[in-house]
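Structure data (PDB, C-alpha atoms and all ligand atoms) from final.pdb:
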ATOM      1  CA  MET A   1       5.287  11.505  21.183
ATOM      2  CA  PRO A   2       2.560   9.709  23.142
ATOM      3  CA  ARG A   3       2.965   5.928  23.166
ATOM      4  CA  TRP A   4      -0.579   5.388  21.930
ATOM      5  CA  LEU A   5       0.278   7.326  18.758
ATOM      6  CA  GLU A   6       3.396   5.349  17.834
ATOM      7  CA  ALA A   7       1.716   2.327  16.238
ATOM      8  CA  PRO A   8      -0.942   4.242  14.227
ATOM      9  CA  LEU A   9       1.709   6.654  12.991
ATOM     10  CA  ALA A  10       4.052   3.812  12.058
ATOM     11  CA  VAL A  11       1.238   2.058  10.166
ATOM     12  CA  ALA A  12       0.376   5.281   8.319
ATOM     13  CA  LEU A  13       4.026   5.896   7.435
ATOM     14  CA  MET A  14       4.502   2.320   6.254
ATOM     15  CA  ASP A  15       1.459   2.720   4.031
ATOM     16  CA  TYR A  16       2.567   6.093   2.694
ATOM     17  CA  THR A  17       6.078   4.885   1.903
ATOM     18  CA  LEU A  18       4.624   1.811   0.185
ATOM     19  CA  TYR A  19       2.610   4.240  -1.950
ATOM     20  CA  LEU A  20       5.853   6.061  -2.787
ATOM     21  CA  TRP A  21       7.400   2.722  -3.785
ATOM     22  CA  HIS A  22       4.464   2.084  -6.088
ATOM     23  CA  VAL A  23       4.837   5.524  -7.677
ATOM     24  CA  LEU A  24       8.530   4.813  -8.190
ATOM     25  CA  MET A  25       7.665   1.487  -9.844
ATOM     26  CA  HIS A  26       5.589   3.411 -12.367
ATOM     27  CA  ARG A  27       8.027   6.275 -12.965
ATOM     28  CA  SER A  28      11.238   4.333 -13.450
ATOM     29  CA  SER A  29      11.412   2.433 -16.741
ATOM     30  CA  TRP A  30      13.646  -0.197 -15.148
ATOM     31  CA  LEU A  31      11.294  -0.745 -12.211
ATOM     32  CA  TRP A  32       8.249  -0.572 -14.492
ATOM     33  CA  ARG A  33       9.519  -3.640 -16.361
ATOM     34  CA  LEU A  34       9.521  -5.541 -13.084
ATOM     35  CA  HIS A  35       6.107  -4.208 -12.081
ATOM     36  CA  LEU A  36       4.348  -4.645 -15.445
ATOM     37  CA  PRO A  37       3.110  -8.224 -14.798
ATOM     38  CA  HIS A  38       0.973  -6.820 -11.994
ATOM     39  CA  HIS A  39      -0.856  -4.604 -14.498
ATOM     40  CA  VAL A  40      -1.350  -6.928 -17.481
ATOM     41  CA  ASP A  41      -4.745  -8.320 -16.439
ATOM     42  CA  LEU A  42      -7.590  -6.962 -18.515
ATOM     43  CA  ASP A  43     -10.019  -7.777 -15.736
ATOM     44  CA  LEU A  44      -9.007  -7.122 -12.180
ATOM     45  CA  ASP A  45      -9.840  -9.527  -9.414
ATOM     46  CA  ALA A  46      -8.423 -10.349  -6.009
ATOM     47  CA  SER A  47      -5.699 -12.544  -7.531
ATOM     48  CA  THR A  48      -4.310  -9.453  -9.285
ATOM     49  CA  ALA A  49      -3.446  -8.064  -5.870
ATOM     50  CA  LEU A  50      -1.037 -10.944  -5.318
ATOM     51  CA  ARG A  51       0.438 -11.212  -8.838
ATOM     52  CA  PHE A  52       3.942  -9.825  -8.888
ATOM     53  CA  HIS A  53       7.007 -10.871 -10.787
ATOM     54  CA  PHE A  54       9.605 -12.582  -8.625
ATOM     55  CA  SER A  55      12.208  -9.941  -9.479
ATOM     56  CA  GLU A  56       9.910  -7.174  -8.196
ATOM     57  CA  LEU A  57       9.543  -9.012  -4.911
ATOM     58  CA  VAL A  58      13.321  -9.409  -4.608
ATOM     59  CA  VAL A  59      13.975  -5.723  -5.362
ATOM     60  CA  SER A  60      11.263  -4.620  -2.950
ATOM     61  CA  ILE A  61      13.040  -6.327  -0.040
ATOM     62  CA  ALA A  62      15.567  -3.479   0.093
ATOM     63  CA  TRP A  63      12.785  -0.880   0.057
ATOM     64  CA  ARG A  64      10.904  -2.713   2.817
ATOM     65  CA  ALA A  65      14.042  -2.961   4.932
ATOM     66  CA  GLY A  66      14.551   0.767   4.498
ATOM     67  CA  GLN A  67      10.964   1.442   5.537
ATOM     68  CA  VAL A  68      11.345  -0.592   8.699
ATOM     69  CA  VAL A  69      14.675   0.950   9.663
ATOM     70  CA  LEU A  70      13.809   4.571   8.865
ATOM     71  CA  ILE A  71      10.345   4.504  10.390
ATOM     72  CA  GLY A  72      11.420   2.337  13.305
ATOM     73  CA  VAL A  73       8.214   0.356  13.211
ATOM     74  CA  SER A  74       7.691  -2.069  16.089
ATOM     75  CA  PRO A  75       7.038  -5.747  15.331
ATOM     76  CA  ARG A  76       3.479  -5.355  16.608
ATOM     77  CA  ALA A  77       2.745  -2.325  14.408
ATOM     78  CA  TYR A  78       4.429  -4.032  11.449
ATOM     79  CA  SER A  79       2.199  -7.063  11.890
ATOM     80  CA  ALA A  80      -0.897  -4.843  12.111
ATOM     81  CA  TRP A  81       0.157  -2.973   8.954
ATOM     82  CA  GLN A  82       0.678  -6.209   7.036
ATOM     83  CA  LYS A  83      -2.774  -7.456   7.990
ATOM     84  CA  LEU A  84      -4.423  -4.158   7.055
ATOM     85  CA  LEU A  85      -2.428  -4.053   3.832
ATOM     86  CA  MET A  86      -3.488  -7.566   2.826
ATOM     87  CA  PHE A  87      -7.140  -6.780   3.481
ATOM     88  CA  SER A  88      -7.010  -3.477   1.632
ATOM     89  CA  ILE A  89      -5.148  -4.725  -1.460
ATOM     90  CA  LEU A  90      -7.435  -7.726  -1.811
ATOM     91  CA  PHE A  91     -10.420  -5.393  -1.522
ATOM     92  CA  HIS A  92      -9.331  -2.657  -3.881
ATOM     93  CA  HIS A  93      -8.187  -5.096  -6.568
ATOM     94  CA  SER A  94     -11.366  -7.143  -6.334
ATOM     95  CA  ASN A  95     -14.230  -6.591  -8.650
ATOM     96  CA  VAL A  96     -16.753  -5.879  -5.938
ATOM     97  CA  GLU A  97     -19.649  -3.604  -6.633
ATOM     98  CA  LEU A  98     -20.938  -1.902  -3.549
ATOM     99  CA  ARG A  99     -24.329  -0.342  -3.662
ATOM    100  CA  LEU A 100     -24.446   2.684  -1.469
ATOM    101  CA  SER A 101     -27.347   5.044  -1.498
ATOM    102  CA  SER A 102     -26.526   7.884   0.786
ATOM    103  CA  SER A 103     -25.915  11.510   0.129
ATOM    104  CA  VAL A 104     -22.511  12.791   1.085
ATOM    105  CA  GLY A 105     -22.132  16.293   2.412
ATOM    106  CA  SER A 106     -24.284  19.350   2.031
ATOM    107  CA  ALA A 107     -23.402  19.712  -1.655
ATOM    108  CA  GLY A 108     -25.850  16.928  -2.391
ATOM    109  CA  LEU A 109     -23.171  14.672  -3.837
ATOM    110  CA  SER A 110     -24.757  11.288  -4.209
ATOM    111  CA  LEU A 111     -22.686   8.161  -4.022
ATOM    112  CA  ARG A 112     -24.768   5.336  -5.358
ATOM    113  CA  ARG A 113     -22.274   2.633  -6.127
ATOM    114  CA  VAL A 114     -18.616   1.972  -6.040
ATOM    115  CA  CYS A 115     -16.944  -0.690  -8.113
ATOM    116  CA  THR A 116     -13.464  -1.254  -6.785
ATOM    117  CA  ALA A 117     -12.032  -2.374 -10.120
ATOM    118  CA  SER A 118     -13.316   0.830 -11.729
ATOM    119  CA  ILE A 119     -11.535   2.856  -9.092
ATOM    120  CA  ILE A 120      -8.287   1.061  -9.853
ATOM    121  CA  ARG A 121      -8.719   1.742 -13.578
ATOM    122  CA  LEU A 122      -9.051   5.445 -12.847
ATOM    123  CA  PHE A 123      -5.534   5.430 -11.461
ATOM    124  CA  ALA A 124      -4.047   2.721 -13.630
ATOM    125  CA  THR A 125      -1.455   3.661 -16.146
ATOM    126  CA  LYS A 126      -0.726   2.015 -19.418
ATOM    127  CA  PRO A 127       2.754   1.232 -20.651
ATOM    128  CA  THR A 128       4.018   3.148 -23.626
ATOM    129  CA  ARG A 129       6.273   1.920 -26.397
ATOM    130  CA  THR A 130       9.231   2.882 -24.235
ATOM    131  CA  GLY A 131       8.035   0.422 -21.625
ATOM    132  CA  ARG A 132       7.378   3.229 -19.183
ATOM    133  CA  ALA A 133       4.023   4.012 -17.668
ATOM    134  CA  ASP A 134       2.141   7.118 -18.709
TER     135      ASP A 134
HETATM  136 ZN    ZN A 201       1.229  -0.336 -10.218
END

Could you rewrite the structure in this file as structure tokens?
Amino acid sequence: MPRWLEAPLAVALMDYTLYLWHVLMHRSSWLWRLHLPHHVDLDLDASTALRFHFSELVVSIAWRAGQVVLIGVSPRAYSAWQKLLMFSILFHHSNVELRLSSSVGSAGLSLRRVCTASIIRLFATKPTRTGRAD
């Protein structure tokens, strides 16, 4: 593998495996109980991105260690991923309305505005009586 590809690939793999962790948090009833405080806000804002129960943070240490070991991410790539992650989670949990007025593609799909909190709600799941996400 070319050296120039190592860091971008490591960042992408760290991000993908973090996504898998998030899916697991929603699918496992035990993990969902730890993750639920992150999803209780009725209105999302940037602070939601940083609101996690202490027990979720403790449990996630093992997952993060596994990510680092299995991917073999360098300290430099890990630092870059953390910075990108912080920026992206603050952005996509914020309630920012972007006004875009450009056509996308030849199909004439028009993208006029994007509200980041609305995007999150599209993918958000609600807990059921069993305590597990839908
Ligand atoms: Zn979640």

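Once all atoms listed in the file are considered, the residues situated within 10 Å of the file point (3.5, 2.5, 14.2) turn out to be Arg3, Trp4, Leu5, Glu6, Ala7, Pro8, Leu9, Ala10, Val11, Ala12, Leu13, Met14, Ile71, Gly72, Val73, Ser74, Pro75, Arg76, Ala77, Tyr78, Ser79, Ala80 and Trp81 of chain A.
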
Matched chain/residue IDs from the PyMOL selection byres (((not hetatm)) within 8 of (chain A and resi 201)), as a PyMOL selection string:
chain A and resi 22-23+25-26+35-36+38-39+124-125

Store the residues of this selection in a file with C-alpha atoms, as an mmCIF file, in the frame of the given file.
data_model
loop_
_atom_site.group_PDB
_atom_site.id
_atom_site.type_symbol
_atom_site.label_atom_id
_atom_site.label_comp_id
_atom_site.auth_asym_id
_atom_site.auth_seq_id
_atom_site.Cartn_x
_atom_site.Cartn_y
_atom_site.Cartn_z
ATOM 1 C CA HIS A 22 4.464 2.084 -6.088
ATOM 2 C CA VAL A 23 4.837 5.524 -7.677
ATOM 3 C CA MET A 25 7.665 1.487 -9.844
ATOM 4 C CA HIS A 26 5.589 3.411 -12.367
ATOM 5 C CA HIS A 35 6.107 -4.208 -12.081
ATOM 6 C CA LEU A 36 4.348 -4.645 -15.445
ATOM 7 C CA HIS A 38 0.973 -6.820 -11.994
ATOM 8 C CA HIS A 39 -0.856 -4.604 -14.498
ATOM 9 C CA ALA A 124 -4.047 2.721 -13.630
ATOM 10 C CA THR A 125 -1.455 3.661 -16.146
#

Which polymer residues have any atom within 10 Å of an atom of A:Arg64, counting only C-alpha atoms, with same-chain residues fewer than 4 positions away left out, as a ChimeraX atom specification?
/A:14,17-18,21,59-60,68-70

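In this structure, atom CA of A:Val40 sits 16.3 Å away from atom CA of A:His92.
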
Set up a box along x, y and z of the file covering all listed atoms of stretch 44-58 of chain A, add 4 Å on every one of the six sides, and write the centre and edge lengths in Å to one decimal, as AutoDock Vina command-line options.
--center_x 1.7 --center_y -9.9 --center_z -8.4 --size_x 31.2 --size_y 13.5 --size_z 15.6

Computed interatomic separation between atom CA of A:Leu85 and atom CA of A:Ser29 (Å):
25.6 Å

Interatomic distance, atom CA of A:Val58 to atom CA of A:Gln82 (Å, one decimal):
17.5 Å

Determine the residue membership of the PyMOL selection byres (((chain A and resi 45) around 7) and not hetatm) for the file above and supply it as a list in words.
Asp43, Leu44, Ala46, Ser47, Thr48, His93, Ser94 and Asn95 of chain A

From the options A:Ala65, A:Asp15, A:Pro2, A:Ser55, which residue's atoms come nearest to A:Trp30, counting all atoms listed in the file?
A:Ser55
